[in-house]
>>> print(open('run_4.cif').read())   # mmCIF, C-alpha atoms; chains and numbers go by the auth columns
data_upload
#
loop_
_atom_site.group_PDB
_atom_site.id
_atom_site.type_symbol
_atom_site.label_atom_id
_atom_site.label_comp_id
_atom_site.label_asym_id
_atom_site.label_seq_id
_atom_site.Cartn_x
_atom_site.Cartn_y
_atom_site.Cartn_z
_atom_site.B_iso_or_equiv
_atom_site.auth_seq_id
_atom_site.auth_asym_id
ATOM 1 C CA MET A 1 2.495 -8.242 -10.418 0.00 1 A
ATOM 2 C CA ASP A 2 2.382 -11.724 -8.930 0.00 2 A
ATOM 3 C CA GLN A 3 5.289 -13.272 -7.102 0.00 3 A
ATOM 4 C CA PRO A 4 6.350 -16.930 -7.274 0.00 4 A
ATOM 5 C CA LYS A 5 5.821 -18.914 -4.130 0.00 5 A
ATOM 6 C CA LYS A 6 8.913 -18.703 -1.995 0.00 6 A
ATOM 7 C CA SER A 7 9.868 -21.936 -0.279 0.00 7 A
ATOM 8 C CA LYS A 8 10.984 -22.024 3.308 0.00 8 A
ATOM 9 C CA SER A 9 14.697 -22.113 3.972 0.00 9 A
ATOM 10 C CA LYS A 10 16.536 -21.474 7.209 0.00 10 A
ATOM 11 C CA GLY A 11 13.279 -20.561 8.910 0.00 11 A
ATOM 12 C CA LYS A 12 12.209 -17.947 6.378 0.00 12 A
ATOM 13 C CA LEU A 13 8.538 -17.561 5.634 0.00 13 A
ATOM 14 C CA SER A 14 7.222 -17.936 2.120 0.00 14 A
ATOM 15 C CA TYR A 15 5.832 -14.860 0.373 0.00 15 A
ATOM 16 C CA ALA A 16 2.324 -16.237 0.903 0.00 16 A
ATOM 17 C CA GLU A 17 2.977 -16.778 4.604 0.00 17 A
ATOM 18 C CA GLN A 18 4.361 -13.273 4.973 0.00 18 A
ATOM 19 C CA ARG A 19 1.267 -11.783 3.379 0.00 19 A
ATOM 20 C CA GLU A 20 -1.133 -13.903 5.411 0.00 20 A
ATOM 21 C CA GLY A 21 0.608 -12.941 8.647 0.00 21 A
ATOM 22 C CA LEU A 22 0.492 -9.230 7.834 0.00 22 A
ATOM 23 C CA LYS A 23 -3.122 -9.477 6.716 0.00 23 A
ATOM 24 C CA LYS A 24 -4.073 -10.874 10.132 0.00 24 A
ATOM 25 C CA GLN A 25 -1.824 -8.483 12.042 0.00 25 A
ATOM 26 C CA TYR A 26 -3.358 -5.361 10.508 0.00 26 A
ATOM 27 C CA GLY A 27 -6.879 -6.601 9.811 0.00 27 A
ATOM 28 C CA ALA A 28 -6.434 -5.817 6.127 0.00 28 A
ATOM 29 C CA ARG A 29 -8.618 -7.268 3.397 0.00 29 A
ATOM 30 C CA LYS A 30 -5.523 -8.091 1.362 0.00 30 A
ATOM 31 C CA VAL A 31 -1.784 -7.604 1.101 0.00 31 A
ATOM 32 C CA PHE A 32 -0.737 -6.840 -2.455 0.00 32 A
ATOM 33 C CA ARG A 33 1.995 -8.765 -4.278 0.00 33 A
ATOM 34 C CA TRP A 34 3.867 -5.724 -5.558 0.00 34 A
ATOM 35 C CA LEU A 35 7.480 -6.828 -5.109 0.00 35 A
ATOM 36 C CA GLY A 36 7.882 -7.589 -8.798 0.00 36 A
ATOM 37 C CA TYR A 37 7.800 -3.960 -9.869 0.00 37 A
ATOM 38 C CA ALA A 38 11.163 -3.240 -8.263 0.00 38 A
ATOM 39 C CA ASP A 39 13.102 -6.485 -7.931 0.00 39 A
ATOM 40 C CA GLY A 40 14.717 -6.688 -11.385 0.00 40 A
ATOM 41 C CA ASN A 41 17.772 -5.024 -12.892 0.00 41 A
ATOM 42 C CA ASN A 42 15.567 -3.631 -15.663 0.00 42 A
ATOM 43 C CA GLU A 43 13.677 -1.586 -13.029 0.00 43 A
ATOM 44 C CA LYS A 44 16.783 -0.110 -11.394 0.00 44 A
ATOM 45 C CA ALA A 45 16.000 3.405 -12.633 0.00 45 A
ATOM 46 C CA LEU A 46 12.717 3.375 -10.717 0.00 46 A
ATOM 47 C CA VAL A 47 14.387 2.148 -7.543 0.00 47 A
ATOM 48 C CA ASP A 48 17.146 4.770 -7.828 0.00 48 A
ATOM 49 C CA TYR A 49 14.670 7.601 -8.352 0.00 49 A
ATOM 50 C CA ILE A 50 12.517 6.528 -5.430 0.00 50 A
ATOM 51 C CA ASN A 51 15.467 6.086 -3.077 0.00 51 A
ATOM 52 C CA THR A 52 16.790 9.556 -3.907 0.00 52 A
ATOM 53 C CA ILE A 53 13.466 11.413 -3.828 0.00 53 A
ATOM 54 C CA ALA A 54 11.982 9.668 -0.804 0.00 54 A
ATOM 55 C CA ILE A 55 15.116 9.940 1.326 0.00 55 A
ATOM 56 C CA GLY A 56 15.323 13.641 0.453 0.00 56 A
ATOM 57 C CA LEU A 57 11.779 14.070 1.767 0.00 57 A
ATOM 58 C CA ASN A 58 12.395 11.905 4.859 0.00 58 A
ATOM 59 C CA ILE A 59 9.827 9.349 3.684 0.00 59 A
ATOM 60 C CA PRO A 60 10.729 5.646 3.797 0.00 60 A
ATOM 61 C CA PRO A 61 11.398 4.650 0.153 0.00 61 A
ATOM 62 C CA SER A 62 9.476 1.410 0.645 0.00 62 A
ATOM 63 C CA TYR A 63 6.392 3.402 1.716 0.00 63 A
ATOM 64 C CA PHE A 64 6.774 5.882 -1.134 0.00 64 A
ATOM 65 C CA TYR A 65 6.953 2.963 -3.552 0.00 65 A
ATOM 66 C CA THR A 66 3.944 1.174 -2.074 0.00 66 A
ATOM 67 C CA ILE A 67 1.651 4.185 -2.336 0.00 67 A
ATOM 68 C CA ALA A 68 2.829 5.119 -5.845 0.00 68 A
ATOM 69 C CA ILE A 69 2.331 1.594 -7.174 0.00 69 A
ATOM 70 C CA GLY A 70 -1.159 1.424 -5.736 0.00 70 A
ATOM 71 C CA GLU A 71 -2.196 4.785 -7.162 0.00 71 A
ATOM 72 C CA GLY A 72 -1.636 3.626 -10.748 0.00 72 A
ATOM 73 C CA LEU A 73 2.105 3.471 -11.379 0.00 73 A
ATOM 74 C CA GLY A 74 1.887 -0.318 -11.361 0.00 74 A
ATOM 75 C CA LYS A 75 -1.119 -1.271 -13.462 0.00 75 A
ATOM 76 C CA LYS A 76 -1.241 1.874 -15.599 0.00 76 A
ATOM 77 C CA HIS A 77 2.484 2.075 -16.392 0.00 77 A
ATOM 78 C CA LEU A 78 4.781 -0.705 -15.233 0.00 78 A
ATOM 79 C CA ASP A 79 2.465 -3.453 -16.447 0.00 79 A
ATOM 80 C CA LEU A 80 2.627 -2.100 -20.010 0.00 80 A
ATOM 81 C CA ASP A 81 5.193 -3.424 -22.492 0.00 81 A
ATOM 82 C CA THR A 82 5.389 0.050 -24.045 0.00 82 A
ATOM 83 C CA SER A 83 6.994 1.330 -20.841 0.00 83 A
ATOM 84 C CA PHE A 84 10.149 -0.701 -21.545 0.00 84 A
ATOM 85 C CA ASP A 85 12.716 -0.290 -24.312 0.00 85 A
ATOM 86 C CA ALA A 86 13.943 -2.875 -26.831 0.00 86 A
ATOM 87 C CA LYS A 87 16.416 -4.225 -24.256 0.00 87 A
ATOM 88 C CA GLY A 88 13.681 -4.647 -21.665 0.00 88 A
ATOM 89 C CA ASN A 89 14.761 -1.741 -19.467 0.00 89 A
ATOM 90 C CA LEU A 90 12.269 0.688 -17.981 0.00 90 A
ATOM 91 C CA ARG A 91 11.950 3.869 -20.010 0.00 91 A
ATOM 92 C CA THR A 92 12.243 7.083 -18.030 0.00 92 A
ATOM 93 C CA ASP A 93 11.539 9.620 -20.794 0.00 93 A
ATOM 94 C CA GLN A 94 7.815 9.087 -21.279 0.00 94 A
ATOM 95 C CA THR A 95 5.264 11.645 -20.140 0.00 95 A
ATOM 96 C CA MET A 96 3.302 10.638 -17.062 0.00 96 A
ATOM 97 C CA SER A 97 -0.293 11.365 -16.085 0.00 97 A
ATOM 98 C CA GLY A 98 -0.825 12.837 -12.655 0.00 98 A
ATOM 99 C CA LEU A 99 -4.325 11.419 -12.615 0.00 99 A
ATOM 100 C CA SER A 100 -3.752 7.911 -13.980 0.00 100 A
ATOM 101 C CA HIS A 101 -0.210 7.130 -12.830 0.00 101 A
ATOM 102 C CA PHE A 102 -0.014 8.838 -9.424 0.00 102 A
ATOM 103 C CA GLY A 103 -3.527 9.614 -8.204 0.00 103 A
ATOM 104 C CA LEU A 104 -2.724 13.334 -8.237 0.00 104 A
ATOM 105 C CA ASP A 105 -6.168 14.617 -9.145 0.00 105 A
ATOM 106 C CA ASP A 106 -5.449 18.221 -8.189 0.00 106 A
ATOM 107 C CA PHE A 107 -1.729 18.701 -8.725 0.00 107 A
ATOM 108 C CA GLY A 108 -2.301 21.799 -10.862 0.00 108 A
ATOM 109 C CA ASP A 109 -4.177 23.430 -8.000 0.00 109 A
ATOM 110 C CA ASP A 110 -1.859 22.073 -5.298 0.00 110 A
ATOM 111 C CA PHE A 111 1.428 23.091 -6.904 0.00 111 A
ATOM 112 C CA SER A 112 1.710 26.424 -5.101 0.00 112 A
ATOM 113 C CA ARG A 113 1.233 24.663 -1.755 0.00 113 A
ATOM 114 C CA VAL A 114 3.774 21.912 -2.364 0.00 114 A
ATOM 115 C CA LYS A 115 6.447 23.813 -4.296 0.00 115 A
ATOM 116 C CA LYS A 116 8.570 24.037 -1.148 0.00 116 A
ATOM 117 C CA TYR A 117 9.001 20.246 -1.260 0.00 117 A
ATOM 118 C CA LEU A 118 10.252 20.285 -4.851 0.00 118 A
ATOM 119 C CA PRO A 119 13.613 21.180 -6.401 0.00 119 A
ATOM 120 C CA ASN A 120 14.094 24.933 -6.855 0.00 120 A
ATOM 121 C CA ASP A 121 14.021 24.619 -10.650 0.00 121 A
ATOM 122 C CA TYR A 122 10.812 22.548 -10.723 0.00 122 A
ATOM 123 C CA ASN A 123 8.317 24.674 -12.641 0.00 123 A
ATOM 124 C CA SER A 124 4.984 24.680 -14.410 0.00 124 A
ATOM 125 C CA GLY A 125 5.532 24.544 -18.163 0.00 125 A
ATOM 126 C CA ASP A 126 8.779 22.629 -17.757 0.00 126 A
ATOM 127 C CA GLU A 127 8.510 19.661 -15.373 0.00 127 A
ATOM 128 C CA PHE A 128 4.723 19.553 -15.753 0.00 128 A
ATOM 129 C CA ASP A 129 1.745 21.140 -17.468 0.00 129 A
ATOM 130 C CA THR A 130 -1.606 21.607 -15.778 0.00 130 A
ATOM 131 C CA VAL A 131 -4.395 19.870 -17.665 0.00 131 A
ATOM 132 C CA VAL A 132 -8.081 19.343 -17.051 0.00 132 A
ATOM 133 C CA GLY A 133 -8.761 15.715 -16.228 0.00 133 A
ATOM 134 C CA SER A 134 -12.104 13.974 -16.395 0.00 134 A
ATOM 135 C CA ARG A 135 -12.916 11.920 -13.345 0.00 135 A
ATOM 136 C CA PRO A 136 -16.271 11.554 -11.602 0.00 136 A
ATOM 137 C CA ASN A 137 -15.460 10.949 -7.951 0.00 137 A
ATOM 138 C CA ASP A 138 -17.078 10.745 -4.542 0.00 138 A
ATOM 139 C CA PHE A 139 -17.179 14.523 -4.267 0.00 139 A
ATOM 140 C CA GLY A 140 -19.286 14.756 -7.421 0.00 140 A
ATOM 141 C CA ARG A 141 -16.693 16.668 -9.448 0.00 141 A
ATOM 142 C CA LYS A 142 -16.518 15.811 -13.129 0.00 142 A
ATOM 143 C CA THR A 143 -13.236 17.612 -13.855 0.00 143 A
ATOM 144 C CA VAL A 144 -10.019 18.209 -11.927 0.00 144 A
ATOM 145 C CA ASN A 145 -6.913 20.292 -12.589 0.00 145 A
ATOM 146 C CA THR A 146 -4.349 17.535 -12.701 0.00 146 A
ATOM 147 C CA ALA A 147 -0.968 17.456 -14.494 0.00 147 A
ATOM 148 C CA ILE A 148 1.042 15.830 -17.233 0.00 148 A
ATOM 149 C CA PHE A 149 4.641 15.346 -16.109 0.00 149 A
ATOM 150 C CA LYS A 150 7.449 15.481 -18.644 0.00 150 A
ATOM 151 C CA ASP A 151 9.032 12.196 -17.496 0.00 151 A
ATOM 152 C CA LEU A 152 9.172 9.583 -14.771 0.00 152 A
ATOM 153 C CA GLU A 153 11.489 11.546 -12.491 0.00 153 A
ATOM 154 C CA SER A 154 9.326 14.672 -12.621 0.00 154 A
ATOM 155 C CA GLY A 155 6.231 12.594 -11.910 0.00 155 A
ATOM 156 C CA LEU A 156 7.812 10.913 -8.915 0.00 156 A
ATOM 157 C CA GLU A 157 9.001 14.267 -7.589 0.00 157 A
ATOM 158 C CA GLY A 158 5.498 15.693 -7.886 0.00 158 A
ATOM 159 C CA PHE A 159 4.011 12.637 -6.212 0.00 159 A
ATOM 160 C CA GLY A 160 6.547 12.851 -3.395 0.00 160 A
ATOM 161 C CA ALA A 161 5.750 16.507 -2.790 0.00 161 A
ATOM 162 C CA ILE A 162 2.052 15.742 -2.346 0.00 162 A
ATOM 163 C CA LEU A 163 2.737 12.737 -0.106 0.00 163 A
ATOM 164 C CA LYS A 164 5.065 14.806 2.083 0.00 164 A
ATOM 165 C CA HIS A 165 2.623 17.718 2.228 0.00 165 A
ATOM 166 C CA ARG A 166 -0.161 15.434 3.396 0.00 166 A
ATOM 167 C CA ARG A 167 2.126 13.828 5.969 0.00 167 A
ATOM 168 C CA ASP A 168 3.050 17.215 7.389 0.00 168 A
ATOM 169 C CA LEU A 169 -0.635 18.194 7.545 0.00 169 A
ATOM 170 C CA PHE A 170 -1.430 15.036 9.480 0.00 170 A
ATOM 171 C CA LEU A 171 1.411 15.613 11.936 0.00 171 A
ATOM 172 C CA SER A 172 0.424 19.245 12.497 0.00 172 A
ATOM 173 C CA HIS A 173 -3.232 18.343 13.043 0.00 173 A
ATOM 174 C CA ALA A 174 -2.375 15.485 15.408 0.00 174 A
ATOM 175 C CA LYS A 175 -0.247 17.885 17.441 0.00 175 A
ATOM 176 C CA ALA A 176 -3.026 20.489 17.474 0.00 176 A
ATOM 177 C CA PHE A 177 -5.416 17.813 18.803 0.00 177 A
ATOM 178 C CA ASN A 178 -2.903 17.077 21.595 0.00 178 A
ATOM 179 C CA TYR A 179 -2.442 13.489 20.487 0.00 179 A
ATOM 180 C CA PRO A 180 0.769 11.662 21.459 0.00 180 A
ATOM 181 C CA ALA A 181 3.602 11.319 18.969 0.00 181 A
ATOM 182 C CA PRO A 182 2.547 8.729 16.359 0.00 182 A
ATOM 183 C CA ASN A 183 4.467 5.533 15.723 0.00 183 A
ATOM 184 C CA ALA A 184 5.535 4.442 12.229 0.00 184 A
ATOM 185 C CA ASP A 185 2.385 2.409 11.562 0.00 185 A
ATOM 186 C CA GLN A 186 0.139 5.276 12.594 0.00 186 A
ATOM 187 C CA ILE A 187 2.015 7.712 10.371 0.00 187 A
ATOM 188 C CA ALA A 188 1.698 5.304 7.440 0.00 188 A
ATOM 189 C CA PHE A 189 -2.035 4.811 7.994 0.00 189 A
ATOM 190 C CA TRP A 190 -2.974 8.454 8.480 0.00 190 A
ATOM 191 C CA ASN A 191 -0.649 9.688 5.732 0.00 191 A
ATOM 192 C CA TYR A 192 -2.615 7.622 3.243 0.00 192 A
ATOM 193 C CA CYS A 193 -5.944 8.855 4.614 0.00 193 A
ATOM 194 C CA TYR A 194 -4.745 12.424 4.105 0.00 194 A
ATOM 195 C CA PHE A 195 -3.503 11.568 0.621 0.00 195 A
ATOM 196 C CA GLN A 196 -7.046 10.456 -0.183 0.00 196 A
ATOM 197 C CA GLY A 197 -8.506 13.774 0.953 0.00 197 A
ATOM 198 C CA GLU A 198 -7.108 16.104 3.576 0.00 198 A
ATOM 199 C CA GLY A 199 -10.397 17.703 4.665 0.00 199 A
ATOM 200 C CA ARG A 200 -12.302 14.547 5.446 0.00 200 A
ATOM 201 C CA ALA A 201 -9.146 12.939 6.867 0.00 201 A
ATOM 202 C CA LYS A 202 -8.796 15.798 9.355 0.00 202 A
ATOM 203 C CA ARG A 203 -12.415 15.340 10.462 0.00 203 A
ATOM 204 C CA TYR A 204 -11.820 11.593 10.755 0.00 204 A
ATOM 205 C CA LEU A 205 -8.688 12.162 12.845 0.00 205 A
ATOM 206 C CA HIS A 206 -10.488 14.602 15.123 0.00 206 A
ATOM 207 C CA ASP A 207 -13.567 12.423 15.612 0.00 207 A
ATOM 208 C CA ASN A 208 -11.376 9.363 16.201 0.00 208 A
ATOM 209 C CA LYS A 209 -10.250 10.921 19.508 0.00 209 A
ATOM 210 C CA GLY A 210 -6.745 9.582 19.003 0.00 210 A
ATOM 211 C CA LEU A 211 -4.417 7.845 16.583 0.00 211 A
ATOM 212 C CA ASP A 212 -5.726 4.279 16.992 0.00 212 A
ATOM 213 C CA TYR A 213 -6.794 3.159 13.515 0.00 213 A
ATOM 214 C CA ASN A 214 -8.580 0.128 14.992 0.00 214 A
ATOM 215 C CA ASN A 215 -11.450 2.358 16.081 0.00 215 A
ATOM 216 C CA ALA A 216 -14.579 2.253 13.961 0.00 216 A
ATOM 217 C CA ALA A 217 -14.456 4.717 11.079 0.00 217 A
ATOM 218 C CA PRO A 218 -17.352 7.035 10.156 0.00 218 A
ATOM 219 C CA ALA A 219 -19.477 5.883 7.253 0.00 219 A
ATOM 220 C CA ASN A 220 -17.803 8.154 4.708 0.00 220 A
ATOM 221 C CA MET A 221 -14.330 6.898 5.686 0.00 221 A
ATOM 222 C CA LYS A 222 -14.868 3.143 5.980 0.00 222 A
ATOM 223 C CA GLU A 223 -13.528 2.415 2.510 0.00 223 A
ATOM 224 C CA VAL A 224 -10.592 4.796 2.936 0.00 224 A
ATOM 225 C CA LYS A 225 -9.769 3.060 6.223 0.00 225 A
ATOM 226 C CA GLN A 226 -9.721 -0.327 4.489 0.00 226 A
ATOM 227 C CA LEU A 227 -7.516 1.019 1.694 0.00 227 A
ATOM 228 C CA ALA A 228 -5.161 2.567 4.258 0.00 228 A
ATOM 229 C CA LEU A 229 -4.880 -0.733 6.145 0.00 229 A
ATOM 230 C CA GLU A 230 -4.103 -2.535 2.885 0.00 230 A
ATOM 231 C CA ARG A 231 -1.358 -0.020 2.086 0.00 231 A
ATOM 232 C CA LEU A 232 0.028 -0.243 5.612 0.00 232 A
ATOM 233 C CA ALA A 233 0.213 -4.048 5.494 0.00 233 A
ATOM 234 C CA THR A 234 1.600 -4.042 1.938 0.00 234 A
ATOM 235 C CA TRP A 235 4.254 -1.486 2.917 0.00 235 A
ATOM 236 C CA ARG A 236 5.421 -3.797 5.691 0.00 236 A
ATOM 237 C CA TYR A 237 5.523 -6.655 3.172 0.00 237 A
ATOM 238 C CA VAL A 238 7.671 -4.587 0.797 0.00 238 A
ATOM 239 C CA GLN A 239 9.868 -3.474 3.689 0.00 239 A
ATOM 240 C CA MET A 240 10.233 -7.050 4.938 0.00 240 A
ATOM 241 C CA ASN A 241 11.716 -8.056 1.593 0.00 241 A
ATOM 242 C CA LYS A 242 14.264 -5.213 1.550 0.00 242 A
ATOM 243 C CA LEU A 243 13.815 -3.850 -1.969 0.00 243 A
ATOM 244 C CA PHE A 244 14.819 -0.338 -0.904 0.00 244 A
ATOM 245 C CA ASP A 245 17.400 1.459 1.197 0.00 245 A
#
>>> encode(input="run_4.cif", output="structure tokens")
Amino acid sequence: MDQPKKSKSKGKLSYAEQREGLKKQYGARKVFRWLGYADGNNEKALVDYINTIAIGLNIPPSYFYTIAIGEGLGKKHLDLDTSFDAKGNLRTDQTMSGLSHFGLDDFGDDFSRVKKYLPNDYNSGDEFDTVVGSRPNDFGRKTVNTAIFKDLESGLEGFGAILKHRRDLFLSHAKAFNYPAPNADQIAFWNYCYFQGEGRAKRYLHDNKGLDYNNAAPANMKEVKQLALERLATWRYVQMNKLFD
């Protein structure tokens, strides 16, 4: 969702200047203009859910938001008029697709591994149903065991569980490789790589010989690296504009 150009006042940079600066800082192809999905009173329910869920998982809400929007929550849900009620407020009672709205290709298979990150009463057949999704991807699979979530909150909780699980995997692998403690930017970058595929991300992390994401990526990870840099820079843009706690 595009943002209007913000004029300078009291030394503040315009939105365009912010994005251009972050693009250069991180070497990203682009910085997305995603502020508009969370800056209105009619989107307060989304902001409240993300603040609560992300803080509970010790994930910065602004990062949680950035990754969710980019995985489909923006274009596939929040851009649609049918996602808002007659008063213009975001509906929270609609079912949500794990595949289309959150990039959760394998939530049905992953549930047993991520259940510890979810509320105790979060169950298959209630908060979500496992469904077979059709999605040719770079692993050659034509079907995946994804999920249909009963509502927005359940979908965000499921998304948060996967994001947290992948973050913990990254941190455990980095420690096993005897790498130094990562900084916030490194966590953000590698968390997204792991979200895109934990097996190949682990190999990438190992072969990288450290946490520096400026190193050249292997051929099969070049696109993931670029996507991760875009998310990293966009997260800092969202954070800079203080949409979340």
>>> resolve_selection(input="run_4.cif", expression="the PyMOL selection byres ((chain A and resi 205-218) around 10)", output="PDB file with C-alpha atoms, in the frame of the given file")
ATOM      1  CA  TYR A  26      -3.358  -5.361  10.508  1.00  0.00           C
ATOM      2  CA  GLY A  27      -6.879  -6.601   9.811  1.00  0.00           C
ATOM      3  CA  PHE A 170      -1.430  15.036   9.480  1.00  0.00           C
ATOM      4  CA  HIS A 173      -3.232  18.343  13.043  1.00  0.00           C
ATOM      5  CA  ALA A 174      -2.375  15.485  15.408  1.00  0.00           C
ATOM      6  CA  ALA A 176      -3.026  20.489  17.474  1.00  0.00           C
ATOM      7  CA  PHE A 177      -5.416  17.813  18.803  1.00  0.00           C
ATOM      8  CA  ASN A 178      -2.903  17.077  21.595  1.00  0.00           C
ATOM      9  CA  TYR A 179      -2.442  13.489  20.487  1.00  0.00           C
ATOM     10  CA  PRO A 180       0.769  11.662  21.459  1.00  0.00           C
ATOM     11  CA  ALA A 181       3.602  11.319  18.969  1.00  0.00           C
ATOM     12  CA  PRO A 182       2.547   8.729  16.359  1.00  0.00           C
ATOM     13  CA  ASN A 183       4.467   5.533  15.723  1.00  0.00           C
ATOM     14  CA  ASP A 185       2.385   2.409  11.562  1.00  0.00           C
ATOM     15  CA  GLN A 186       0.139   5.276  12.594  1.00  0.00           C
ATOM     16  CA  ILE A 187       2.015   7.712  10.371  1.00  0.00           C
ATOM     17  CA  PHE A 189      -2.035   4.811   7.994  1.00  0.00           C
ATOM     18  CA  TRP A 190      -2.974   8.454   8.480  1.00  0.00           C
ATOM     19  CA  CYS A 193      -5.944   8.855   4.614  1.00  0.00           C
ATOM     20  CA  TYR A 194      -4.745  12.424   4.105  1.00  0.00           C
ATOM     21  CA  ARG A 200     -12.302  14.547   5.446  1.00  0.00           C
ATOM     22  CA  ALA A 201      -9.146  12.939   6.867  1.00  0.00           C
ATOM     23  CA  LYS A 202      -8.796  15.798   9.355  1.00  0.00           C
ATOM     24  CA  ARG A 203     -12.415  15.340  10.462  1.00  0.00           C
ATOM     25  CA  TYR A 204     -11.820  11.593  10.755  1.00  0.00           C
ATOM     26  CA  ALA A 219     -19.477   5.883   7.253  1.00  0.00           C
ATOM     27  CA  ASN A 220     -17.803   8.154   4.708  1.00  0.00           C
ATOM     28  CA  MET A 221     -14.330   6.898   5.686  1.00  0.00           C
ATOM     29  CA  LYS A 222     -14.868   3.143   5.980  1.00  0.00           C
ATOM     30  CA  GLU A 223     -13.528   2.415   2.510  1.00  0.00           C
ATOM     31  CA  VAL A 224     -10.592   4.796   2.936  1.00  0.00           C
ATOM     32  CA  LYS A 225      -9.769   3.060   6.223  1.00  0.00           C
ATOM     33  CA  GLN A 226      -9.721  -0.327   4.489  1.00  0.00           C
ATOM     34  CA  ALA A 228      -5.161   2.567   4.258  1.00  0.00           C
ATOM     35  CA  LEU A 229      -4.880  -0.733   6.145  1.00  0.00           C
TER      36      LEU A 229
END
>>> residues_around(input="run_4.cif", residues="Gln239 (chain A)", least_positions_apart="5", cutoff="12 Å", atoms="all atoms listed in the file", output="JSON, numbers by chain")
{"A": [18, 19, 22, 34, 35, 60, 61, 62, 63, 64, 65, 66, 231, 232, 233, 234, 244, 245]}
>>> atom_distance(input="run_4.cif", atom1="CA of Lys76 (chain A)", atom2="CA of Gly133 (chain A)")
15.8 Å
>>> resolve_selection(input="run_4.cif", expression="the PyMOL selection byres ((chain A and resi 75) around 12)", output="ChimeraX atom specification")
/A:1-2,34,36-37,68-74,76-81,83,100-102
>>> write_last_selection(input="run_4.cif", atoms="C-alpha atoms", output="mmCIF file, in the frame of the given file")
data_model
loop_
_atom_site.group_PDB
_atom_site.id
_atom_site.type_symbol
_atom_site.label_atom_id
_atom_site.label_comp_id
_atom_site.auth_asym_id
_atom_site.auth_seq_id
_atom_site.Cartn_x
_atom_site.Cartn_y
_atom_site.Cartn_z
ATOM 1 C CA MET A 1 2.495 -8.242 -10.418
ATOM 2 C CA ASP A 2 2.382 -11.724 -8.930
ATOM 3 C CA TRP A 34 3.867 -5.724 -5.558
ATOM 4 C CA GLY A 36 7.882 -7.589 -8.798
ATOM 5 C CA TYR A 37 7.800 -3.960 -9.869
ATOM 6 C CA ALA A 68 2.829 5.119 -5.845
ATOM 7 C CA ILE A 69 2.331 1.594 -7.174
ATOM 8 C CA GLY A 70 -1.159 1.424 -5.736
ATOM 9 C CA GLU A 71 -2.196 4.785 -7.162
ATOM 10 C CA GLY A 72 -1.636 3.626 -10.748
ATOM 11 C CA LEU A 73 2.105 3.471 -11.379
ATOM 12 C CA GLY A 74 1.887 -0.318 -11.361
ATOM 13 C CA LYS A 76 -1.241 1.874 -15.599
ATOM 14 C CA HIS A 77 2.484 2.075 -16.392
ATOM 15 C CA LEU A 78 4.781 -0.705 -15.233
ATOM 16 C CA ASP A 79 2.465 -3.453 -16.447
ATOM 17 C CA LEU A 80 2.627 -2.100 -20.010
ATOM 18 C CA ASP A 81 5.193 -3.424 -22.492
ATOM 19 C CA SER A 83 6.994 1.330 -20.841
ATOM 20 C CA SER A 100 -3.752 7.911 -13.980
ATOM 21 C CA HIS A 101 -0.210 7.130 -12.830
ATOM 22 C CA PHE A 102 -0.014 8.838 -9.424
#
>>> atom_distance(input="run_4.cif", atom1="CA of Ser124 (chain A)", atom2="CA of Gly155 (chain A)")
12.4 Å
>>> atom_distance(input="run_4.cif", atom1="CA of Lys12 (chain A)", atom2="CA of Val47 (chain A)")
24.5 Å
>>> closest_residue(input="run_4.cif", among="A:Asp110, A:Glu153, A:Asp121, A:Asp126", to="Arg166 (chain A)", atoms="only C-alpha atoms")
A:Asp110
